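> Please find model_4.cif (mmCIF, C-alpha atoms and all ligand atoms) on the next line:
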data_input
loop_
_atom_site.label_atom_id
_atom_site.label_comp_id
_atom_site.auth_asym_id
_atom_site.auth_seq_id
_atom_site.Cartn_x
_atom_site.Cartn_y
_atom_site.Cartn_z
CA MET A 1 -14.11 -10.47 2.81
CA ASP A 2 -13.30 -8.91 6.17
CA HIS A 3 -13.95 -9.42 9.85
CA PHE A 4 -15.84 -6.20 10.61
CA GLU A 5 -19.47 -7.00 11.29
CA ILE A 6 -22.35 -5.92 13.45
CA ARG A 7 -22.86 -8.10 16.52
CA ASP A 8 -25.27 -7.28 19.33
CA GLY A 9 -26.01 -3.98 17.61
CA VAL A 10 -22.45 -2.72 17.36
CA MET A 11 -19.65 -3.12 14.86
CA HIS A 12 -16.98 -5.55 15.95
CA ALA A 13 -13.49 -6.18 14.69
CA GLU A 14 -13.36 -9.96 15.02
CA ASP A 15 -14.52 -10.52 18.63
CA VAL A 16 -13.82 -7.01 19.91
CA SER A 17 -16.46 -4.27 20.01
CA LEU A 18 -15.20 -1.13 18.30
CA ALA A 19 -17.31 0.91 20.70
CA ASP A 20 -15.43 -0.65 23.62
CA LEU A 21 -12.16 0.11 21.90
CA ALA A 22 -13.25 3.71 21.30
CA ALA A 23 -14.00 4.06 25.01
CA LYS A 24 -10.55 2.76 25.90
CA VAL A 25 -8.39 4.32 23.19
CA GLY A 26 -10.33 7.46 22.29
CA THR A 27 -11.19 8.54 18.75
CA PRO A 28 -10.10 8.77 16.05
CA PHE A 29 -8.13 5.53 15.73
CA TYR A 30 -7.33 2.96 13.11
CA CYS A 31 -8.27 -0.64 13.83
CA TYR A 32 -6.83 -3.60 11.95
CA SER A 33 -8.11 -7.16 11.91
CA ALA A 34 -5.25 -9.67 12.01
CA ALA A 35 -7.51 -12.46 10.72
CA THR A 36 -8.38 -10.40 7.65
CA ILE A 37 -4.73 -9.64 6.90
CA GLU A 38 -3.83 -13.29 7.34
CA ARG A 39 -6.70 -14.46 5.18
CA HIS A 40 -5.91 -12.09 2.34
CA TYR A 41 -2.24 -13.04 2.36
CA ARG A 42 -3.07 -16.75 2.36
CA VAL A 43 -5.61 -16.40 -0.44
CA PHE A 44 -3.15 -14.50 -2.60
CA ALA A 45 -0.19 -16.77 -1.82
CA ALA A 46 -2.28 -19.88 -2.51
CA ALA A 47 -3.52 -18.43 -5.80
CA VAL A 48 -0.01 -17.82 -7.14
CA ALA A 49 1.65 -20.88 -5.56
CA GLY A 50 3.28 -23.04 -8.18
CA LEU A 51 3.49 -20.33 -10.84
CA GLY A 52 6.75 -19.61 -12.66
CA ASN A 53 9.51 -21.86 -11.36
CA GLY A 54 7.15 -23.04 -8.61
CA ASP A 55 8.62 -20.90 -5.86
CA PRO A 56 7.04 -17.44 -6.15
CA LEU A 57 7.83 -14.67 -3.69
CA VAL A 58 4.93 -12.62 -2.36
CA ALA A 59 6.59 -9.40 -1.23
CA PHE A 60 4.05 -7.23 0.60
CA ALA A 61 4.28 -3.59 -0.53
CA VAL A 62 5.20 -2.03 2.80
CA LYS A 63 4.02 1.43 1.74
CA ALA A 64 0.42 0.22 1.94
CA ASN A 65 0.70 -0.31 5.69
CA PRO A 66 4.10 -0.19 7.36
CA ASN A 67 2.90 -0.78 10.90
CA LEU A 68 5.32 -3.11 12.68
CA SER A 69 2.59 -5.50 13.83
CA VAL A 70 1.07 -5.64 10.37
CA LEU A 71 4.46 -6.50 8.92
CA ALA A 72 5.17 -9.02 11.68
CA THR A 73 1.80 -10.68 11.07
CA LEU A 74 2.73 -11.12 7.42
CA ALA A 75 6.34 -12.10 8.12
CA ARG A 76 5.09 -14.98 10.26
CA LEU A 77 3.16 -16.29 7.28
CA GLY A 78 6.28 -16.22 5.14
CA ALA A 79 5.67 -12.96 3.30
CA GLY A 80 8.52 -10.99 1.84
CA ALA A 81 8.54 -7.22 1.55
CA ASP A 82 8.74 -4.65 -1.21
CA VAL A 83 10.34 -1.54 0.27
CA VAL A 84 10.95 1.87 -1.22
CA SER A 85 13.02 3.68 1.39
CA GLY A 86 15.59 3.09 4.08
CA GLY A 87 12.82 3.58 6.62
CA GLU A 88 10.67 0.85 5.10
CA LEU A 89 13.68 -1.46 4.88
CA ALA A 90 14.37 -0.95 8.59
CA ARG A 91 10.73 -1.69 9.41
CA ALA A 92 10.62 -4.86 7.32
CA LEU A 93 13.80 -6.15 8.95
CA ALA A 94 12.59 -5.18 12.44
CA ALA A 95 9.34 -7.06 11.80
CA GLY A 96 11.28 -10.21 10.99
CA VAL A 97 11.09 -10.30 7.20
CA PRO A 98 14.22 -12.20 6.11
CA ALA A 99 16.53 -10.02 4.01
CA ASP A 100 16.50 -12.56 1.20
CA ARG A 101 12.76 -11.97 0.84
CA ILE A 102 13.09 -8.20 0.45
CA VAL A 103 13.07 -6.31 -2.85
CA PHE A 104 13.91 -2.60 -2.95
CA SER A 105 11.94 -0.51 -5.46
CA GLY A 106 11.80 3.24 -5.99
CA VAL A 107 12.77 5.86 -8.50
CA GLY A 108 15.10 7.88 -6.29
CA LYS A 109 17.01 5.61 -3.94
CA GLN A 110 19.90 7.43 -2.33
CA ASN A 111 23.40 6.09 -1.69
CA HIS A 112 22.74 5.55 2.00
CA GLU A 113 19.61 3.54 1.14
CA LEU A 114 21.44 1.45 -1.45
CA ALA A 115 24.14 0.85 1.16
CA ALA A 116 21.58 -0.20 3.76
CA GLY A 117 20.09 -2.71 1.33
CA ILE A 118 23.50 -4.15 0.49
CA GLU A 119 24.48 -4.36 4.15
CA ALA A 120 21.25 -6.18 4.95
CA GLY A 121 21.78 -8.59 2.06
CA ILE A 122 18.40 -8.10 0.37
CA LEU A 123 17.24 -10.29 -2.51
CA GLN A 124 17.38 -7.61 -5.20
CA PHE A 125 17.14 -3.98 -6.10
CA ASN A 126 14.57 -3.05 -8.73
CA VAL A 127 16.57 -0.43 -10.58
CA GLU A 128 14.65 2.33 -12.34
CA SER A 129 17.21 4.32 -14.36
CA GLU A 130 20.59 4.17 -16.02
CA ALA A 131 21.86 6.66 -13.42
CA GLU A 132 20.81 4.32 -10.64
CA ILE A 133 22.69 1.43 -12.27
CA LEU A 134 25.87 3.50 -11.99
CA MET A 135 25.10 4.66 -8.43
CA LEU A 136 24.41 1.12 -7.26
CA GLY A 137 27.44 -0.18 -9.16
CA ALA A 138 29.63 2.24 -7.22
CA VAL A 139 28.11 1.42 -3.83
CA ALA A 140 28.40 -2.33 -4.50
CA GLU A 141 32.01 -1.77 -5.53
CA HIS A 142 32.64 0.00 -2.23
CA TYR A 143 31.27 -3.01 -0.33
CA GLN A 144 32.88 -5.50 -2.76
CA ARG A 145 29.57 -7.34 -2.67
CA ALA A 146 27.77 -8.90 -5.62
CA VAL A 147 24.28 -7.41 -5.87
CA ASP A 148 21.32 -8.84 -7.80
CA ILE A 149 19.32 -6.30 -9.75
CA SER A 150 16.12 -6.38 -11.75
CA ILE A 151 15.50 -3.69 -14.31
CA ARG A 152 12.11 -2.10 -13.76
CA ILE A 153 10.65 -1.43 -17.15
CA ASN A 154 8.26 1.29 -18.14
CA PRO A 155 5.95 -0.69 -20.43
CA ALA A 156 4.09 2.38 -21.72
CA VAL A 157 0.66 0.96 -21.00
CA ASP A 158 -2.44 2.68 -19.69
CA PRO A 159 -3.42 0.88 -16.48
CA LYS A 160 -6.87 2.54 -16.52
CA THR A 161 -6.86 3.75 -12.95
CA HIS A 162 -6.74 7.14 -11.21
CA GLY A 163 -4.05 9.33 -12.78
CA LYS A 164 -2.25 9.93 -9.50
CA ILE A 165 -1.70 6.21 -8.96
CA SER A 166 -0.89 5.23 -12.57
CA THR A 167 2.76 4.34 -12.96
CA GLY A 168 3.00 2.42 -16.23
CA GLY A 169 2.42 5.17 -18.78
CA ALA A 170 5.19 6.43 -21.06
CA ASP A 171 5.12 9.82 -19.35
CA ALA A 172 5.39 8.42 -15.82
CA LYS A 173 8.64 8.82 -13.91
CA PHE A 174 8.87 5.09 -13.25
CA GLY A 175 11.11 2.47 -14.80
CA ILE A 176 13.33 2.43 -17.85
CA PRO A 177 11.45 2.69 -21.18
CA TRP A 178 11.07 -0.91 -22.28
CA ASP A 179 12.90 -0.44 -25.57
CA ARG A 180 16.02 0.71 -23.68
CA VAL A 181 16.14 -2.44 -21.57
CA PRO A 182 18.82 -4.20 -23.69
CA ALA A 183 21.08 -1.16 -23.32
CA ALA A 184 20.37 -1.02 -19.58
CA PHE A 185 21.37 -4.68 -19.21
CA ALA A 186 24.54 -4.01 -21.20
CA LEU A 187 25.31 -1.05 -18.92
CA ALA A 188 24.71 -3.14 -15.81
CA ALA A 189 27.06 -5.80 -17.19
CA THR A 190 29.85 -3.21 -17.22
CA GLN A 191 29.52 -2.90 -13.44
CA GLU A 192 31.75 -5.47 -11.81
CA TRP A 193 29.55 -6.04 -8.75
CA LEU A 194 26.10 -5.92 -10.33
CA ARG A 195 24.27 -9.06 -11.46
CA PRO A 196 21.40 -8.13 -13.80
CA VAL A 197 19.19 -11.13 -13.12
CA GLY A 198 15.66 -9.93 -13.54
CA LEU A 199 12.96 -7.70 -14.93
CA ALA A 200 10.26 -5.91 -13.00
CA ALA A 201 7.18 -3.82 -13.61
CA HIS A 202 4.42 -2.17 -11.61
CA ILE A 203 1.92 -0.26 -13.70
CA GLY A 204 -0.42 1.21 -11.13
CA SER A 205 -2.69 0.64 -8.18
CA GLN A 206 -6.38 -0.10 -7.61
CA LEU A 207 -6.48 -1.91 -10.96
CA PHE A 208 -9.79 -3.35 -12.14
CA ASP A 209 -8.72 -4.27 -15.66
CA LEU A 210 -6.28 -7.17 -16.00
CA GLY A 211 -5.66 -6.45 -19.70
CA PRO A 212 -2.83 -3.93 -19.23
CA VAL A 213 -1.27 -6.14 -16.54
CA GLU A 214 -1.34 -9.08 -18.94
CA ASP A 215 0.27 -7.00 -21.70
CA THR A 216 2.96 -5.94 -19.25
CA ILE A 217 3.77 -9.46 -18.04
CA ARG A 218 3.97 -10.62 -21.66
CA ARG A 219 6.40 -7.80 -22.33
CA LEU A 220 8.50 -8.86 -19.32
CA GLY A 221 8.62 -12.41 -20.71
CA ASP A 222 9.63 -11.25 -24.19
CA LEU A 223 12.40 -9.11 -22.72
CA ALA A 224 13.56 -11.92 -20.43
CA ARG A 225 13.89 -14.24 -23.41
CA ALA A 226 15.77 -11.58 -25.39
CA MET A 227 18.11 -10.90 -22.47
CA THR A 228 18.75 -14.62 -22.06
CA GLU A 229 19.68 -14.81 -25.74
CA ALA A 230 21.97 -11.83 -25.21
CA GLY A 231 23.85 -13.89 -22.66
CA HIS A 232 22.37 -12.62 -19.40
CA SER A 233 21.36 -15.09 -16.75
CA ILE A 234 17.75 -14.28 -15.89
CA LYS A 235 16.41 -15.62 -12.59
CA ARG A 236 13.38 -13.54 -11.60
CA ILE A 237 10.40 -11.68 -13.04
CA ASP A 238 8.70 -9.21 -10.71
CA CYS A 239 5.08 -8.60 -11.72
CA GLY A 240 4.51 -5.76 -9.23
CA GLY A 241 1.28 -5.20 -7.31
CA GLY A 242 -1.82 -3.23 -8.08
CA LEU A 243 -4.84 -5.50 -7.72
CA GLY A 244 -7.87 -3.41 -6.77
CA VAL A 245 -10.11 -3.85 -3.74
CA PRO A 246 -13.85 -3.16 -3.48
CA TYR A 247 -14.45 0.19 -1.78
CA ARG A 248 -18.09 0.39 -2.82
CA ALA A 249 -20.72 -2.26 -2.40
CA ASP A 250 -22.76 -0.78 -5.26
CA GLN A 251 -20.06 -1.26 -7.90
CA PRO A 252 -18.80 -4.39 -9.64
CA PRO A 253 -15.98 -6.02 -7.70
CA PRO A 254 -12.37 -6.01 -8.92
CA PRO A 255 -10.82 -9.19 -10.30
CA SER A 256 -10.20 -11.71 -7.53
CA PRO A 257 -6.76 -13.10 -6.67
CA ALA A 258 -7.90 -16.29 -8.44
CA ASP A 259 -8.78 -14.30 -11.62
CA TYR A 260 -5.42 -12.56 -11.42
CA ALA A 261 -3.51 -15.80 -10.84
CA ALA A 262 -5.33 -17.53 -13.72
CA MET A 263 -4.23 -14.73 -16.03
CA VAL A 264 -0.64 -14.93 -14.78
CA ALA A 265 -0.65 -18.72 -15.11
CA ARG A 266 -1.79 -18.44 -18.72
CA VAL A 267 0.82 -15.84 -19.63
CA THR A 268 3.73 -17.42 -17.77
CA ALA A 269 3.11 -21.10 -18.57
CA GLY A 270 6.46 -22.81 -18.99
CA TRP A 271 8.52 -19.90 -17.69
CA PRO A 272 11.62 -21.13 -15.86
CA TRP A 273 11.95 -17.96 -13.80
CA ARG A 274 10.95 -17.23 -10.22
CA LEU A 275 7.98 -14.85 -10.07
CA VAL A 276 7.78 -12.01 -7.57
CA PHE A 277 4.53 -10.26 -6.64
CA GLU A 278 4.19 -7.03 -4.71
CA PRO A 279 0.58 -6.81 -3.49
CA GLY A 280 -0.17 -4.07 -1.01
CA ARG A 281 -3.74 -2.82 -1.00
CA MET A 282 -5.37 -6.20 -1.57
CA ILE A 283 -3.69 -7.64 1.52
CA VAL A 284 -4.54 -4.86 3.98
CA GLY A 285 -7.20 -2.62 2.43
CA ASN A 286 -10.27 -4.33 3.85
CA ALA A 287 -8.41 -5.23 7.02
CA GLY A 288 -8.64 -1.75 8.52
CA VAL A 289 -11.18 0.87 9.50
CA LEU A 290 -10.84 4.40 10.80
CA VAL A 291 -13.10 4.89 13.80
CA SER A 292 -14.24 8.41 14.50
CA SER A 293 -16.83 10.32 16.55
CA VAL A 294 -19.39 12.79 15.30
CA ILE A 295 -18.51 16.13 16.89
CA LEU A 296 -21.64 17.89 15.69
CA THR A 297 -23.96 18.23 12.76
CA LYS A 298 -24.77 21.53 11.13
CA GLU A 299 -26.96 22.94 8.41
CA GLY A 300 -25.26 24.89 5.65
CA ALA A 301 -27.16 27.01 3.18
CA ARG A 302 -27.90 23.92 1.14
CA ARG A 303 -26.21 21.00 2.84
CA HIS A 304 -26.43 18.93 5.97
CA PHE A 305 -22.90 18.54 7.35
CA ILE A 306 -21.64 15.81 9.62
CA VAL A 307 -18.47 17.05 11.31
CA VAL A 308 -16.36 14.13 12.60
CA ASP A 309 -13.20 14.15 14.66
CA ALA A 310 -11.15 12.44 11.94
CA ALA A 311 -9.87 14.63 9.16
CA MET A 312 -7.94 14.68 5.90
CA ASN A 313 -4.68 14.51 7.83
CA ASP A 314 -5.75 11.11 9.21
CA LEU A 315 -7.18 9.66 5.99
CA LEU A 316 -6.01 11.61 2.96
CA ARG A 317 -7.43 9.42 0.20
CA PRO A 318 -10.84 11.12 -0.25
CA SER A 319 -9.21 14.52 -0.42
CA LEU A 320 -6.30 13.51 -2.65
CA TYR A 321 -7.97 11.06 -5.03
CA ASN A 322 -11.69 11.68 -4.49
CA ALA A 323 -11.57 8.16 -3.08
CA TRP A 324 -14.71 6.59 -1.71
CA HIS A 325 -14.73 5.07 1.78
CA GLU A 326 -18.00 3.66 3.08
CA PHE A 327 -19.26 5.61 6.10
CA ARG A 328 -21.11 3.61 8.72
CA ALA A 329 -22.44 4.15 12.19
CA LEU A 330 -20.91 1.68 14.64
CA SER A 331 -24.46 1.15 15.94
CA PRO A 332 -26.56 1.02 12.76
CA ARG A 333 -29.31 3.63 12.33
CA GLN A 334 -32.45 2.91 10.35
CA ALA A 335 -33.00 6.51 9.29
CA ARG A 336 -30.92 7.82 6.41
CA ARG A 337 -30.28 11.24 4.95
CA ILE A 338 -28.14 13.00 2.39
CA ALA A 339 -25.11 14.48 4.14
CA THR A 340 -21.67 15.85 3.50
CA ILE A 341 -19.08 14.41 5.84
CA VAL A 342 -16.21 16.66 6.82
CA GLY A 343 -13.40 16.89 9.34
CA PRO A 344 -12.37 19.85 11.50
CA ILE A 345 -9.48 21.01 9.30
CA CYS A 346 -9.62 24.49 7.91
CA GLU A 347 -9.92 23.81 4.24
CA THR A 348 -12.74 22.67 2.02
CA GLY A 349 -10.69 19.70 0.80
CA ASP A 350 -11.19 18.21 4.25
CA THR A 351 -14.22 16.34 2.97
CA PHE A 352 -14.78 12.58 3.23
CA ALA A 353 -17.99 12.43 1.22
CA GLU A 354 -20.20 14.91 -0.57
CA ASP A 355 -23.99 14.75 -0.62
CA ARG A 356 -23.97 11.06 0.18
CA ASP A 357 -26.91 8.95 1.30
CA VAL A 358 -25.76 7.84 4.77
CA GLU A 359 -27.16 6.74 8.11
CA ASP A 360 -28.57 9.70 10.00
CA VAL A 361 -25.99 10.10 12.75
CA ALA A 362 -25.94 12.70 15.51
CA ALA A 363 -23.39 14.36 17.77
CA GLY A 364 -21.60 11.79 19.91
CA ASP A 365 -22.26 8.85 17.60
CA LEU A 366 -19.36 6.60 16.75
CA VAL A 367 -18.75 6.02 13.06
CA ALA A 368 -16.29 4.18 10.85
CA PHE A 369 -14.69 4.80 7.49
CA MET A 370 -14.33 1.37 5.98
CA THR A 371 -11.53 -0.16 3.89
CA ALA A 372 -8.95 2.13 5.43
CA GLY A 373 -6.24 -0.44 6.09
CA ALA A 374 -4.21 0.46 3.01
CA TYR A 375 -2.72 3.91 2.46
CA GLY A 376 -4.54 5.19 5.55
CA ALA A 377 -2.41 5.74 8.65
CA THR A 378 0.73 5.60 6.52
CA MET A 379 -0.28 8.74 4.62
CA ALA A 380 -1.32 10.66 7.74
CA SER A 381 0.23 13.97 8.65
CA THR A 382 0.05 16.35 11.58
CA TYR A 383 -1.52 19.18 9.58
CA ASN A 384 -3.35 21.67 11.80
CA SER A 385 -1.07 20.37 14.60
CA ARG A 386 -3.29 17.37 15.01
CA ALA A 387 -1.88 14.26 16.65
CA LEU A 388 -1.19 11.18 14.54
CA VAL A 389 -3.93 8.78 15.52
CA PRO A 390 -3.23 5.48 17.26
CA GLU A 391 -3.43 2.15 15.50
CA VAL A 392 -4.98 -0.87 17.19
CA MET A 393 -4.74 -4.47 16.07
CA VAL A 394 -7.35 -7.06 16.98
CA LYS A 395 -6.80 -10.79 16.92
CA GLY A 396 -9.81 -12.81 18.02
CA ALA A 397 -10.79 -11.41 21.40
CA GLU A 398 -7.38 -9.81 21.97
CA TRP A 399 -6.37 -6.33 21.02
CA ALA A 400 -3.28 -4.17 21.32
CA ILE A 401 -2.29 -0.61 20.57
CA VAL A 402 0.27 -1.12 17.81
CA SER A 403 1.06 2.56 17.28
CA GLN A 404 0.63 5.21 19.93
CA ARG A 405 -1.16 8.51 19.48
CA ASN A 406 1.60 11.11 19.29
CA GLN A 407 0.74 13.93 21.63
CA PRO A 408 0.76 17.64 20.69
CA ALA A 409 3.43 18.25 23.35
CA ALA A 410 5.72 15.67 21.74
CA MET A 411 5.28 17.35 18.37
CA LEU A 412 5.96 20.76 19.87
CA ALA A 413 9.12 19.38 21.47
CA LEU A 414 10.56 18.73 17.99
CA ASP A 415 10.45 22.44 17.25
CA ALA A 416 12.99 24.88 18.63
CA ARG A 417 13.11 28.58 19.18
CA ALA A 418 15.75 30.07 16.87
CA PRO A 419 18.60 31.56 18.91
CA TRP A 420 17.57 35.13 18.01
CA LEU A 421 14.04 34.69 19.36
N1 LIG B 501 5.00 -2.15 -5.98
C1 LIG B 501 5.36 -0.90 -6.26
C2 LIG B 501 6.65 -0.65 -6.90
C3 LIG B 501 4.48 0.17 -5.96
O1 LIG B 501 4.84 1.41 -6.25
C4 LIG B 501 3.23 -0.10 -5.34
C5 LIG B 501 2.31 0.97 -5.02
C6 LIG B 501 2.92 -1.44 -5.05
C7 LIG B 501 3.82 -2.44 -5.39
C8 LIG B 501 1.65 -1.84 -4.36
O2 LIG B 501 0.53 -1.56 -5.11
P1 LIG B 501 -0.90 -2.04 -4.58
O3 LIG B 501 -0.92 -3.55 -4.65
O4 LIG B 501 -1.07 -1.56 -3.19
O5 LIG B 501 -1.86 -1.42 -5.50
N2 LIG B 501 -1.58 6.07 -2.08
C9 LIG B 501 -2.35 5.49 -3.16
C10 LIG B 501 -1.71 4.23 -3.72
C11 LIG B 501 -0.30 4.42 -4.19
C12 LIG B 501 0.34 3.16 -4.69
C13 LIG B 501 1.78 3.36 -4.93
N3 LIG B 501 2.51 2.21 -5.34
C14 LIG B 501 -3.77 5.27 -2.69
O6 LIG B 501 -4.09 5.58 -1.54
O7 LIG B 501 -4.62 4.81 -3.46
#
How does the structure come out when it is put into structure tokens?


Amino acid sequence: MDHFEIRDGVMHAEDVSLADLAAKVGTPFYCYSAATIERHYRVFAAAVAGLGNGDPLVAFAVKANPNLSVLATLARLGAGADVVSGGELARALAAGVPADRIVFSGVGKQNHELAAGIEAGILQFNVESEAEILMLGAVAEHYQRAVDISIRINPAVDPKTHGKISTGGADAKFGIPWDRVPAAFALAATQEWLRPVGLAAHIGSQLFDLGPVEDTIRRLGDLARAMTEAGHSIKRIDCGGGLGVPYRADQPPPPSPADYAAMVARVTAGWPWRLVFEPGRMIVGNAGVLVSSVILTKEGARRHFIVVDAAMNDLLRPSLYNAWHEFRALSPRQARRIATIVGPICETGDTFAEDRDVEDVAAGDLVAFMTAGAYGATMASTYNSRALVPEVMVKGAEWAIVSQRNQPAAMLALDARAPWL
């Protein structure tokens, strides 16, 4: 559920009219609902409370929405963070996430990022290769600091989601093939400053089928037992993220946090280990919309086009994954028509929806792409020298710009004329 609804004929984010915001901030802009973020976090945290050793860590996957105010909203509720770069680590710390609630994932962490994590004193690194074990061993040695690691396994399962966001298959770059885990633990044990204390997995995103997740968590448990027997002291099992969110009202919903937690409870009953979860999309997906204006409509040879002022650089998901985002007029229209919704960017991939039955909007109308809180602003670029759009957070009747629109002049200022020009 979210807090975007029509009141007095116009879509509101909580108690704030998005049309009023558009007048003040200009379009396009992202708008986040703090109440929705808080609710989703609480629902998830309550669902998994008590699992494993009774003290699970819900580490929000920062990549889904790294805005400082989003992270600070979650930090206040006690969320941890799953980070995958030095930049995300800095954001999580700046937002007030305690270092001992931060896990560092990623297939290509560099020495300076490993060092930053050690200096901050994070909970653990989720290590994804034998080479990384040696890199981290050397950096930990340099700092003479004991570092907890979990081995991220590649469970070789098909998560049954879009290929570009599947990470658990045998051919994916992620994790260490599960049958090499004993050797990876043995290698880690040769590193004086590494403490191999856990196992981790993350098989993909926008998951609707809990079966592959269940198989993966079972595999983590089997490996944890085997590693315990081999003399390692296992403390934590990181189940990753991946729970899907509903993008389309006309399709069956994904499993709920309660469904997910019931599955985890069944599989992990009696486990003595602390469980870690890394939800991203399900916390913030429905908590954000991208508000845009219709620039004009035009008739193609066969299609009716709606040209909006947002584009693929602002919300890449439709272009990259053929992802579906509901398209709504901020002031609902009764009339509908089949339209293709596009942005101003000069390539055909700049398409939000093809031949879709939508409200019949006209030039000047305000519109919203729904469920844009996850992997929206964070994947934006400045392609076509377009400004990064501002982000606004609403809480009740209050609102604040939580990321400024970067101006074309500021972007130009980053460039330089080569000395010979
Ligand atoms: N943990 C790890 C190690 C991850 O790589 C991810 C997401 C998550 C947790 C969070 O997964 P979530 O709960 O959000 O599904 N840009 C794509 C999604 C990429 C997901 C990458 N990894 C999209 O827009 O659909």

> Identify, counting all atoms listed in the file, the protein, DNA and RNA residues located within 6 Å of ligand LIG 501 (chain B), and give them as a tab-separated table (two decimals) with C-alpha atoms, keeping the file's coordinate frame.


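What follows is the written file pocket.tsv:
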chain	number	residue	atom	x	y	z
A	61	ALA	CA	4.28	-3.59	-0.53
A	64	ALA	CA	0.42	0.22	1.94
A	105	SER	CA	11.94	-0.51	-5.46
A	165	ILE	CA	-1.70	6.21	-8.96
A	202	HIS	CA	4.42	-2.17	-11.61
A	205	SER	CA	-2.69	0.64	-8.18
A	206	GLN	CA	-6.38	-0.10	-7.61
A	240	GLY	CA	4.51	-5.76	-9.23
A	241	GLY	CA	1.28	-5.20	-7.31
A	242	GLY	CA	-1.82	-3.23	-8.08
A	243	LEU	CA	-4.84	-5.50	-7.72
A	278	GLU	CA	4.19	-7.03	-4.71
A	279	PRO	CA	0.58	-6.81	-3.49
A	280	GLY	CA	-0.17	-4.07	-1.01
A	281	ARG	CA	-3.74	-2.82	-1.00
A	317	ARG	CA	-7.43	9.42	0.20
A	375	TYR	CA	-2.72	3.91	2.46

> Considering all atoms listed in the file, return as a PyMOL selection string whatever protein or nucleic-acid residues lie within 9 Å of Leu57 in chain A, sequence-local ones (same chain, fewer than 3 positions apart) excluded.

chain A and resi 45+49+79-80+101+238+274-278

> Given 6 Å on each side, where is the centre and what are the edge lengths in Å to one decimal of the axis-aligned box enclosing the listed atoms of range 332-337 of chain A, as JSON?


{"center_x": -29.8, "center_y": 6.1, "center_z": 8.9, "size_x": 18.4, "size_y": 22.2, "size_z": 19.8}

> What does the distance between CA of Leu51 in chain A and CA of Pro272 in chain A come to in Å, to one decimal place?

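CA of Leu51 in chain A sits 9.6 Å away from CA of Pro272 in chain A.
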
> List the spatial neighbours of Asp2 in chain A as JSON, numbers by chain - criterion: any atom at most 8 Å away, all atoms listed in the file, same-chain residues fewer than 6 positions off excluded.

{"A": [33, 36, 286, 287]}

> For Ala23 in chain A, which residue among A:Gly373, A:Thr382, A:Val291, A:Pro318 is the nearest when counting all atoms listed in the file?

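That would be A:Val291, the residue with the smallest distance to Ala23 in chain A.
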
> Pick the closest to Phe44 in chain A from A:Pro257, A:Gly343, A:Pro56, A:Gly137: which is it, counting only C-alpha atoms?

A:Pro257

> Counting only C-alpha atoms, figure out which residue out of A:Cys239, A:Val43, A:Val245, A:Ala116 gets nearest to Ala59 in chain A.

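When distances to Ala59 in chain A are compared using only C-alpha atoms, the smallest one comes from A:Cys239.
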
> So which residues touch Ser256 in chain A within 12 Å, counting only C-alpha atoms, skipping near sequence neighbours fewer than 6 positions away, as a PyMOL selection string?

chain A and resi 1+40+43-44+47-48+207-210+242-246+262-263+282-283

> Can I get the selected residues back with C-alpha atoms, as a PDB file, in the frame of the given file?


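Written file, again.pdb:
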ATOM      1  CA  MET A   1     -14.110 -10.470   2.810  1.00  0.00           C
ATOM      2  CA  HIS A  40      -5.910 -12.090   2.340  1.00  0.00           C
ATOM      3  CA  VAL A  43      -5.610 -16.400  -0.440  1.00  0.00           C
ATOM      4  CA  PHE A  44      -3.150 -14.500  -2.600  1.00  0.00           C
ATOM      5  CA  ALA A  47      -3.520 -18.430  -5.800  1.00  0.00           C
ATOM      6  CA  VAL A  48      -0.010 -17.820  -7.140  1.00  0.00           C
ATOM      7  CA  LEU A 207      -6.480  -1.910 -10.960  1.00  0.00           C
ATOM      8  CA  PHE A 208      -9.790  -3.350 -12.140  1.00  0.00           C
ATOM      9  CA  ASP A 209      -8.720  -4.270 -15.660  1.00  0.00           C
ATOM     10  CA  LEU A 210      -6.280  -7.170 -16.000  1.00  0.00           C
ATOM     11  CA  GLY A 242      -1.820  -3.230  -8.080  1.00  0.00           C
ATOM     12  CA  LEU A 243      -4.840  -5.500  -7.720  1.00  0.00           C
ATOM     13  CA  GLY A 244      -7.870  -3.410  -6.770  1.00  0.00           C
ATOM     14  CA  VAL A 245     -10.110  -3.850  -3.740  1.00  0.00           C
ATOM     15  CA  PRO A 246     -13.850  -3.160  -3.480  1.00  0.00           C
ATOM     16  CA  ALA A 262      -5.330 -17.530 -13.720  1.00  0.00           C
ATOM     17  CA  MET A 263      -4.230 -14.730 -16.030  1.00  0.00           C
ATOM     18  CA  MET A 282      -5.370  -6.200  -1.570  1.00  0.00           C
ATOM     19  CA  ILE A 283      -3.690  -7.640   1.520  1.00  0.00           C
TER      20      ILE A 283
END

> What does the distance from CA of Gly86 in chain A to CA of Leu74 in chain A come to in Å, to one decimal?

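Distance between the two atoms: 19.5 Å.
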
> Here is a test: counting only C-alpha atoms, which residue of A:Thr268, A:Thr27, A:Ser292, A:Thr371 is nearest to Ile217 in chain A?

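The answer is A:Thr268, which sits nearest to Ile217 in chain A.
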
> Using all atoms listed in the file, find all polymer residues with an atom at most 12 Å away from the point (22.9, -13.8, -20.0); report them as a ChimeraX atom specification.

/A:182,185-186,188-189,195-198,223-235

> Would you please work out which residue, of A:Ser166, A:Asn154, A:Thr340, A:Ser381, is nearest to Asp355 in chain A when using all atoms listed in the file?

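Once distances to Asp355 in chain A are computed over all atoms listed in the file, the minimum belongs to A:Thr340.
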
> Record the distance separating CA of Ala131 in chain A and CA of Ala156 in chain A, expressed in Å with one decimal.

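These atoms are spaced 20.1 Å apart.
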